[in-house]
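The structure file final.csv is reproduced below (CSV, N, CA and C atoms).
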chain,number,residue,atom,x,y,z
G,1,GLN,N,69.1,83.9,119.3
G,1,GLN,CA,68.6,83.3,120.5
G,1,GLN,C,69.6,83.4,121.7
G,2,VAL,N,69.2,84.1,122.7
G,2,VAL,CA,70.1,84.3,123.9
G,2,VAL,C,70.2,83.0,124.6
G,3,GLN,N,71.5,82.7,125.0
G,3,GLN,CA,71.7,81.5,125.8
G,3,GLN,C,72.3,82.0,127.1
G,4,LEU,N,71.8,81.4,128.2
G,4,LEU,CA,72.2,81.8,129.6
G,4,LEU,C,72.9,80.6,130.2
G,5,LEU,N,74.1,80.9,130.8
G,5,LEU,CA,74.8,79.8,131.4
G,5,LEU,C,75.1,80.2,132.9
G,6,GLU,N,74.6,79.4,133.8
G,6,GLU,CA,74.9,79.6,135.2
G,6,GLU,C,76.1,78.8,135.7
G,7,SER,N,76.7,79.3,136.8
G,7,SER,CA,77.8,78.6,137.4
G,7,SER,C,77.8,79.0,138.9
G,8,GLY,N,78.6,78.3,139.7
G,8,GLY,CA,78.8,78.7,141.1
G,8,GLY,C,78.0,78.0,142.1
G,9,GLY,N,77.2,77.1,141.7
G,9,GLY,CA,76.4,76.3,142.7
G,9,GLY,C,77.3,75.4,143.4
G,10,GLY,N,76.8,74.7,144.5
G,10,GLY,CA,77.6,73.8,145.2
G,10,GLY,C,76.9,73.4,146.5
G,11,SER,N,77.7,72.8,147.4
G,11,SER,CA,77.2,72.4,148.7
G,11,SER,C,77.9,73.1,149.8
G,12,VAL,N,77.1,73.7,150.7
G,12,VAL,CA,77.7,74.5,151.8
G,12,VAL,C,77.0,74.2,153.1
G,13,GLN,N,77.6,74.5,154.2
G,13,GLN,CA,76.9,74.3,155.5
G,13,GLN,C,76.1,75.6,155.8
G,14,ALA,N,75.1,75.4,156.6
G,14,ALA,CA,74.3,76.6,157.0
G,14,ALA,C,75.2,77.7,157.6
G,15,GLY,N,74.8,78.9,157.2
G,15,GLY,CA,75.6,80.0,157.5
G,15,GLY,C,76.7,80.4,156.5
G,16,GLY,N,76.9,79.5,155.6
G,16,GLY,CA,77.9,79.8,154.6
G,16,GLY,C,77.5,80.7,153.5
G,17,SER,N,78.3,80.9,152.5
G,17,SER,CA,78.0,81.8,151.4
G,17,SER,C,78.4,81.1,150.0
G,18,LEU,N,77.7,81.6,149.0
G,18,LEU,CA,78.0,81.2,147.6
G,18,LEU,C,77.7,82.4,146.7
G,19,ARG,N,78.4,82.4,145.6
G,19,ARG,CA,78.2,83.4,144.6
G,19,ARG,C,77.9,82.7,143.3
G,20,LEU,N,76.7,82.9,142.8
G,20,LEU,CA,76.3,82.4,141.5
G,20,LEU,C,76.6,83.4,140.4
G,21,SER,N,76.9,82.9,139.2
G,21,SER,CA,77.1,83.7,138.1
G,21,SER,C,76.3,83.2,136.9
G,22,CYS,N,75.9,84.2,136.1
G,22,CYS,CA,75.1,83.8,134.9
G,22,CYS,C,75.6,84.7,133.7
G,23,PHE,N,76.1,84.0,132.7
G,23,PHE,CA,76.6,84.7,131.5
G,23,PHE,C,75.6,84.6,130.4
G,24,ALA,N,75.3,85.7,129.7
G,24,ALA,CA,74.5,85.7,128.6
G,24,ALA,C,75.4,85.7,127.3
G,25,SER,N,74.9,84.9,126.3
G,25,SER,CA,75.7,84.8,125.1
G,25,SER,C,75.8,86.0,124.3
G,26,GLU,N,74.8,86.9,124.5
G,26,GLU,CA,74.8,88.2,123.7
G,26,GLU,C,74.0,89.2,124.6
G,27,TYR,N,74.1,90.5,124.2
G,27,TYR,CA,73.4,91.5,125.0
G,27,TYR,C,71.9,91.3,124.8
G,28,ILE,N,71.2,91.3,125.9
G,28,ILE,CA,69.8,91.1,125.9
G,28,ILE,C,69.1,92.4,125.4
G,29,ASP,N,67.9,92.2,125.0
G,29,ASP,CA,67.0,93.4,124.6
G,29,ASP,C,67.0,94.4,125.7
G,30,SER,N,67.1,95.7,125.3
G,30,SER,CA,67.1,96.8,126.3
G,30,SER,C,65.8,96.9,127.1
G,31,MET,N,64.8,96.2,126.6
G,31,MET,CA,63.5,96.2,127.3
G,31,MET,C,63.5,95.1,128.3
G,32,TYR,N,64.5,94.3,128.3
G,32,TYR,CA,64.5,93.1,129.2
G,32,TYR,C,65.4,93.4,130.4
G,33,SER,N,65.1,92.6,131.5
G,33,SER,CA,66.0,92.5,132.7
G,33,SER,C,66.5,91.1,132.8
G,34,MET,N,67.4,90.9,133.7
G,34,MET,CA,67.9,89.5,134.0
G,34,MET,C,67.5,89.2,135.5
G,35,ALA,N,67.3,88.0,135.8
G,35,ALA,CA,66.8,87.6,137.1
G,35,ALA,C,67.3,86.2,137.5
G,36,TRP,N,67.2,86.0,138.8
G,36,TRP,CA,67.4,84.7,139.4
G,36,TRP,C,66.1,84.2,139.9
G,37,PHE,N,65.8,82.9,139.6
G,37,PHE,CA,64.7,82.1,140.2
G,37,PHE,C,65.3,80.9,140.9
G,38,ARG,N,64.5,80.3,141.7
G,38,ARG,CA,64.9,79.0,142.3
G,38,ARG,C,63.7,78.1,142.4
G,39,GLN,N,64.0,76.8,142.4
G,39,GLN,CA,63.0,75.8,142.5
G,39,GLN,C,63.5,74.7,143.5
G,40,ALA,N,62.8,74.6,144.6
G,40,ALA,CA,63.1,73.5,145.5
G,40,ALA,C,62.3,72.2,145.2
G,41,PRO,N,62.8,71.1,145.6
G,41,PRO,CA,62.1,69.8,145.3
G,41,PRO,C,60.7,69.9,145.7
G,42,GLY,N,59.8,69.5,144.8
G,42,GLY,CA,58.4,69.5,145.1
G,42,GLY,C,57.7,70.8,145.2
G,43,LYS,N,58.4,71.9,144.8
G,43,LYS,CA,57.8,73.2,144.9
G,43,LYS,C,57.8,73.9,143.5
G,44,GLY,N,57.1,75.0,143.4
G,44,GLY,CA,57.1,75.7,142.2
G,44,GLY,C,58.3,76.6,142.1
G,45,ARG,N,58.5,77.2,140.9
G,45,ARG,CA,59.7,78.1,140.7
G,45,ARG,C,59.3,79.4,141.2
G,46,GLU,N,60.2,80.0,142.0
G,46,GLU,CA,59.9,81.3,142.6
G,46,GLU,C,61.0,82.3,142.3
G,47,GLY,N,60.6,83.6,142.2
G,47,GLY,CA,61.6,84.6,141.9
G,47,GLY,C,62.4,85.0,143.1
G,48,VAL,N,63.7,85.3,142.9
G,48,VAL,CA,64.6,85.6,143.9
G,48,VAL,C,65.0,87.1,143.8
G,49,ALA,N,65.5,87.5,142.7
G,49,ALA,CA,65.9,88.9,142.5
G,49,ALA,C,66.1,89.2,141.0
G,50,ALA,N,66.0,90.4,140.7
G,50,ALA,CA,66.1,90.9,139.3
G,50,ALA,C,66.9,92.1,139.2
G,51,ILE,N,67.5,92.4,138.0
G,51,ILE,CA,68.3,93.6,137.8
G,51,ILE,C,68.1,94.0,136.3
G,52,TYR,N,68.0,95.3,136.2
G,52,TYR,CA,68.0,95.9,134.8
G,52,TYR,C,69.5,96.1,134.5
G,53,THR,N,70.1,95.3,133.6
G,53,THR,CA,71.5,95.3,133.5
G,53,THR,C,72.1,96.6,132.8
G,54,TYR,N,71.2,97.5,132.3
G,54,TYR,CA,71.7,98.7,131.8
G,54,TYR,C,71.6,99.9,132.8
G,55,ASP,N,71.2,99.5,134.0
G,55,ASP,CA,71.1,100.5,135.1
G,55,ASP,C,71.4,99.8,136.4
G,56,ASP,N,72.6,99.9,137.0
G,56,ASP,CA,72.9,99.1,138.2
G,56,ASP,C,72.0,99.3,139.3
G,57,ASP,N,71.4,100.5,139.4
G,57,ASP,CA,70.6,100.8,140.6
G,57,ASP,C,69.2,100.3,140.5
G,58,ASN,N,68.9,99.7,139.4
G,58,ASN,CA,67.5,99.2,139.2
G,58,ASN,C,67.5,97.8,139.5
G,59,THR,N,67.3,97.4,140.8
G,59,THR,CA,67.2,96.1,141.2
G,59,THR,C,65.9,95.8,142.0
G,60,HIS,N,65.5,94.6,142.1
G,60,HIS,CA,64.3,94.2,142.7
G,60,HIS,C,64.5,92.8,143.4
G,61,TYR,N,64.0,92.7,144.6
G,61,TYR,CA,64.1,91.5,145.3
G,61,TYR,C,62.7,91.0,145.7
G,62,ALA,N,62.6,89.6,145.7
G,62,ALA,CA,61.3,89.1,146.2
G,62,ALA,C,61.3,89.3,147.8
G,63,ASP,N,60.1,89.3,148.3
G,63,ASP,CA,60.0,89.4,149.8
G,63,ASP,C,60.9,88.4,150.5
G,64,SER,N,61.6,88.8,151.5
G,64,SER,CA,62.4,88.0,152.4
G,64,SER,C,63.8,87.6,151.7
G,65,MET,N,64.0,88.0,150.5
G,65,MET,CA,65.3,87.7,149.8
G,65,MET,C,66.3,88.8,150.1
G,66,GLU,N,65.8,90.0,150.1
G,66,GLU,CA,66.8,91.1,150.3
G,66,GLU,C,67.4,91.1,151.7
G,67,GLY,N,68.7,91.4,151.8
G,67,GLY,CA,69.3,91.3,153.1
G,67,GLY,C,70.4,90.2,153.1
G,68,ARG,N,70.0,89.0,152.7
G,68,ARG,CA,70.9,87.9,152.6
G,68,ARG,C,71.4,87.7,151.2
G,69,PHE,N,70.6,88.1,150.2
G,69,PHE,CA,71.0,87.9,148.8
G,69,PHE,C,71.2,89.3,148.2
G,70,THR,N,72.2,89.4,147.3
G,70,THR,CA,72.5,90.6,146.6
G,70,THR,C,72.7,90.3,145.1
G,71,ILE,N,72.0,91.0,144.3
G,71,ILE,CA,72.2,90.8,142.8
G,71,ILE,C,73.0,91.9,142.3
G,72,SER,N,73.9,91.6,141.3
G,72,SER,CA,74.7,92.6,140.7
G,72,SER,C,75.0,92.2,139.3
G,73,GLN,N,75.6,93.1,138.5
G,73,GLN,CA,75.9,92.8,137.1
G,73,GLN,C,77.2,93.3,136.7
G,74,ASP,N,77.7,92.8,135.6
G,74,ASP,CA,79.0,93.3,135.0
G,74,ASP,C,78.9,93.3,133.5
G,75,ASN,N,79.2,94.4,132.9
G,75,ASN,CA,79.2,94.6,131.4
G,75,ASN,C,77.9,94.3,130.8
G,76,ALA,N,76.8,94.3,131.5
G,76,ALA,CA,75.4,94.1,131.0
G,76,ALA,C,75.2,92.7,130.4
G,77,LYS,N,76.1,91.8,130.6
G,77,LYS,CA,75.9,90.4,130.0
G,77,LYS,C,76.1,89.3,131.1
G,78,THR,N,76.6,89.7,132.3
G,78,THR,CA,76.8,88.8,133.4
G,78,THR,C,76.2,89.3,134.6
G,79,ILE,N,75.4,88.4,135.3
G,79,ILE,CA,74.8,88.8,136.5
G,79,ILE,C,75.3,87.9,137.6
G,80,TYR,N,75.3,88.3,138.8
G,80,TYR,CA,75.7,87.5,140.0
G,80,TYR,C,74.6,87.5,141.0
G,81,LEU,N,74.7,86.5,141.9
G,81,LEU,CA,73.8,86.4,143.0
G,81,LEU,C,74.7,86.0,144.2
G,82,GLN,N,75.0,87.0,145.1
G,82,GLN,CA,75.8,86.7,146.3
G,82,GLN,C,74.8,86.3,147.3
G,83,MET,N,75.0,85.1,147.9
G,83,MET,CA,74.1,84.6,148.9
G,83,MET,C,74.9,84.3,150.2
G,84,ASN,N,74.5,85.0,151.2
G,84,ASN,CA,75.1,84.9,152.5
G,84,ASN,C,74.2,84.3,153.5
G,85,SER,N,74.7,83.9,154.6
G,85,SER,CA,74.0,83.3,155.7
G,85,SER,C,73.0,82.3,155.2
G,86,LEU,N,73.4,81.4,154.4
G,86,LEU,CA,72.5,80.4,153.8
G,86,LEU,C,71.9,79.5,154.8
G,87,LYS,N,70.7,79.1,154.5
G,87,LYS,CA,69.9,78.2,155.3
G,87,LYS,C,69.5,77.0,154.6
G,88,PRO,N,69.2,75.9,155.3
G,88,PRO,CA,68.8,74.7,154.6
G,88,PRO,C,67.6,74.9,153.6
G,89,GLU,N,66.7,75.8,154.0
G,89,GLU,CA,65.6,76.1,153.1
G,89,GLU,C,65.9,76.8,151.8
G,90,ASP,N,67.2,77.2,151.7
G,90,ASP,CA,67.6,77.8,150.5
G,90,ASP,C,68.0,76.8,149.5
G,91,THR,N,68.1,75.5,149.9
G,91,THR,CA,68.4,74.4,149.0
G,91,THR,C,67.4,74.4,147.8
G,92,ALA,N,68.0,74.5,146.6
G,92,ALA,CA,67.1,74.5,145.4
G,92,ALA,C,68.0,74.5,144.2
G,93,MET,N,67.4,74.3,143.0
G,93,MET,CA,68.0,74.6,141.7
G,93,MET,C,67.8,76.1,141.5
G,94,TYR,N,68.9,76.8,141.2
G,94,TYR,CA,68.8,78.2,140.9
G,94,TYR,C,69.0,78.4,139.4
G,95,TYR,N,68.0,79.2,138.8
G,95,TYR,CA,68.0,79.5,137.4
G,95,TYR,C,68.2,80.9,137.1
G,96,CYS,N,68.9,81.2,136.1
G,96,CYS,CA,69.0,82.5,135.5
G,96,CYS,C,68.0,82.7,134.4
G,97,ALA,N,67.4,83.9,134.3
G,97,ALA,CA,66.4,84.1,133.3
G,97,ALA,C,66.5,85.6,132.8
G,98,ALA,N,66.0,85.8,131.6
G,98,ALA,CA,65.9,87.1,131.0
G,98,ALA,C,64.5,87.3,130.4
G,99,GLY,N,64.0,88.5,130.6
G,99,GLY,CA,62.7,88.8,130.1
G,99,GLY,C,62.2,90.1,130.5
G,100,PRO,N,61.0,90.5,130.1
G,100,PRO,CA,60.4,91.9,130.5
G,100,PRO,C,59.9,91.9,131.9
G,101,PHE,N,60.8,91.6,132.9
G,101,PHE,CA,60.4,91.6,134.3
G,101,PHE,C,60.0,93.0,134.8
G,102,ARG,N,60.5,94.0,134.1
G,102,ARG,CA,60.2,95.4,134.6
G,102,ARG,C,59.4,96.0,133.5
G,103,LEU,N,58.2,96.4,133.8
G,103,LEU,CA,57.3,97.0,132.8
G,103,LEU,C,56.7,98.3,133.3
G,104,TYR,N,56.9,99.4,132.6
G,104,TYR,CA,56.3,100.7,133.0
G,104,TYR,C,56.7,101.0,134.5
G,105,GLY,N,58.0,100.6,134.8
G,105,GLY,CA,58.5,101.0,136.1
G,105,GLY,C,58.1,100.0,137.2
G,106,ALA,N,57.3,99.0,137.0
G,106,ALA,CA,56.8,98.1,138.0
G,106,ALA,C,57.5,96.7,137.7
G,107,TRP,N,57.9,96.0,138.8
G,107,TRP,CA,58.5,94.7,138.6
G,107,TRP,C,57.5,93.6,138.7
G,108,ARG,N,57.7,92.6,137.9
G,108,ARG,CA,56.8,91.5,137.9
G,108,ARG,C,57.7,90.3,137.8
G,109,LEU,N,58.2,89.8,138.9
G,109,LEU,CA,59.2,88.8,139.0
G,109,LEU,C,58.5,87.4,139.0
G,110,ARG,N,58.0,87.0,137.9
G,110,ARG,CA,57.2,85.7,137.8
G,110,ARG,C,57.8,84.9,136.7
G,111,PRO,N,57.8,83.5,136.9
G,111,PRO,CA,58.5,82.7,135.9
G,111,PRO,C,57.8,82.7,134.5
G,112,ASP,N,56.5,83.0,134.5
G,112,ASP,CA,55.8,83.1,133.2
G,112,ASP,C,56.2,84.3,132.4
G,113,VAL,N,56.8,85.2,133.0
G,113,VAL,CA,57.3,86.4,132.2
G,113,VAL,C,58.6,86.2,131.5
G,114,ALA,N,59.4,85.2,132.0
G,114,ALA,CA,60.7,84.9,131.4
G,114,ALA,C,60.6,84.5,129.9
G,115,LYS,N,61.6,85.0,129.1
G,115,LYS,CA,61.7,84.6,127.7
G,115,LYS,C,62.8,83.6,127.5
G,116,TYR,N,63.8,83.7,128.3
G,116,TYR,CA,65.0,82.8,128.2
G,116,TYR,C,65.3,82.3,129.6
G,117,TRP,N,65.8,81.0,129.6
G,117,TRP,CA,66.2,80.4,130.8
G,117,TRP,C,67.5,79.7,130.6
G,118,GLY,N,68.3,79.7,131.7
G,118,GLY,CA,69.5,78.9,131.8
G,118,GLY,C,69.1,77.5,132.2
G,119,GLN,N,70.1,76.6,132.3
G,119,GLN,CA,69.9,75.2,132.7
G,119,GLN,C,69.8,75.0,134.2
G,120,GLY,N,70.3,76.0,134.9
G,120,GLY,CA,70.2,75.9,136.4
G,120,GLY,C,71.5,75.4,137.0
G,121,THR,N,71.7,75.8,138.3
G,121,THR,CA,72.8,75.3,139.0
G,121,THR,C,72.3,75.0,140.4
G,122,GLN,N,72.7,73.8,140.9
G,122,GLN,CA,72.2,73.3,142.2
G,122,GLN,C,72.9,73.9,143.4
G,123,VAL,N,72.1,74.4,144.4
G,123,VAL,CA,72.6,74.9,145.6
G,123,VAL,C,72.1,74.0,146.7
G,124,THR,N,73.0,73.4,147.5
G,124,THR,CA,72.5,72.5,148.6
G,124,THR,C,73.1,73.1,149.9
G,125,VAL,N,72.3,73.3,150.9
G,125,VAL,CA,72.7,73.8,152.2
G,125,VAL,C,72.4,72.8,153.2
G,126,SER,N,73.4,72.4,153.9
G,126,SER,CA,73.2,71.3,155.0
G,126,SER,C,73.2,72.0,156.4
G,127,SER,N,72.5,71.4,157.3
G,127,SER,CA,72.4,72.0,158.6
G,127,SER,C,73.5,71.4,159.5
Go through the file and emit its structure as structure tokens.
Amino acid sequence: QVQLLESGGGSVQAGGSLRLSCFASEYIDSMYSMAWFRQAPGKGREGVAAIYTYDDDNTHYADSMEGRFTISQDNAKTIYLQMNSLKPEDTAMYYCAAGPFRLYGAWRLRPDVAKYWGQGTQVTVSS
């Protein structure tokens, strides 16, 4: 059973930056990718970005996330989410997930696709 542990959340002012980390307890299935999701109060969980950890160049971002957010990985067990120019609307609980988000070359960054979830790390952006 893969366990995912996030860290790096916190409180920042608008325009600031944060770097989230997610460590997997073991190597994930080579058919799986790792991803970041977020859930704001009163809203559904939405995908932010995903990466196929066995190929650095294979990344995917949800609409409007690319540009300010950058996903990366290290040793195929740790992923990061660099978040710049943060806005109050980025305030949410951020979750790390692993699952078959990439299938036959197409990305499907949806929470129902995830097989494993971390506990989440809170990001709060004040104006």
Per residue of region 16-78 of chain G within 12 Å of region 110-125 of chain G, what are the shortest atom pair and its distance in Å to one decimal, counting only C-alpha atoms, with rows by chain and residue number, as a Markdown table?
| residue | atom | partner | partner_atom | distance |
| --- | --- | --- | --- | --- |
| G:Gly16 | CA | G:Val125 | CA | 8.3 |
| G:Ser17 | CA | G:Val125 | CA | 9.6 |
| G:Leu18 | CA | G:Val123 | CA | 8.5 |
| G:Arg19 | CA | G:Val123 | CA | 10.2 |
| G:Leu20 | CA | G:Thr121 | CA | 8.3 |
| G:Ser21 | CA | G:Thr121 | CA | 9.5 |
| G:Cys22 | CA | G:Gly118 | CA | 8.1 |
| G:Phe23 | CA | G:Gly118 | CA | 9.2 |
| G:Ala24 | CA | G:Gly118 | CA | 9.0 |
| G:Ser25 | CA | G:Gly118 | CA | 10.9 |
| G:Ile28 | CA | G:Tyr116 | CA | 9.9 |
| G:Asp29 | CA | G:Lys115 | CA | 10.7 |
| G:Met31 | CA | G:Lys115 | CA | 11.7 |
| G:Tyr32 | CA | G:Lys115 | CA | 9.1 |
| G:Ser33 | CA | G:Ala114 | CA | 9.4 |
| G:Met34 | CA | G:Ala114 | CA | 8.9 |
| G:Ala35 | CA | G:Ala114 | CA | 8.8 |
| G:Trp36 | CA | G:Trp117 | CA | 9.7 |
| G:Phe37 | CA | G:Pro111 | CA | 7.6 |
| G:Arg38 | CA | G:Gly120 | CA | 8.5 |
| G:Gln39 | CA | G:Gly120 | CA | 9.4 |
| G:Ala40 | CA | G:Val123 | CA | 9.6 |
| G:Pro41 | CA | G:Gln122 | CA | 11.1 |
| G:Gly44 | CA | G:Pro111 | CA | 9.5 |
| G:Arg45 | CA | G:Pro111 | CA | 6.8 |
| G:Glu46 | CA | G:Pro111 | CA | 7.0 |
| G:Gly47 | CA | G:Arg110 | CA | 6.1 |
| G:Val48 | CA | G:Arg110 | CA | 9.6 |
| G:Ala49 | CA | G:Arg110 | CA | 10.4 |
| G:Ala50 | CA | G:Arg110 | CA | 10.4 |
| G:Tyr61 | CA | G:Arg110 | CA | 11.7 |
| G:Ala62 | CA | G:Arg110 | CA | 9.9 |
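Straight-line separation from CA of Glu66 (chain G) to CA of Val2 (chain G): 27.5 Å.
Counting all atoms listed in the file, the residue from G:His60, G:Val12, G:Thr78, G:Leu5 that sits nearest to Trp107 (chain G) is G:His60.
The space separating CA of Asn58 (chain G) from CA of Tyr27 (chain G) comes to 17.2 Å.
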Inset, instruction - Output as a ChimeraX atom specification all residues of chain G that backbone DSSP marks as strand (DSSP E). - result: /G:4-7,10-13,18-24,33-39,45-51,59-61,69-74,78-83,92-99,102-103,106-107,116-117,121-126
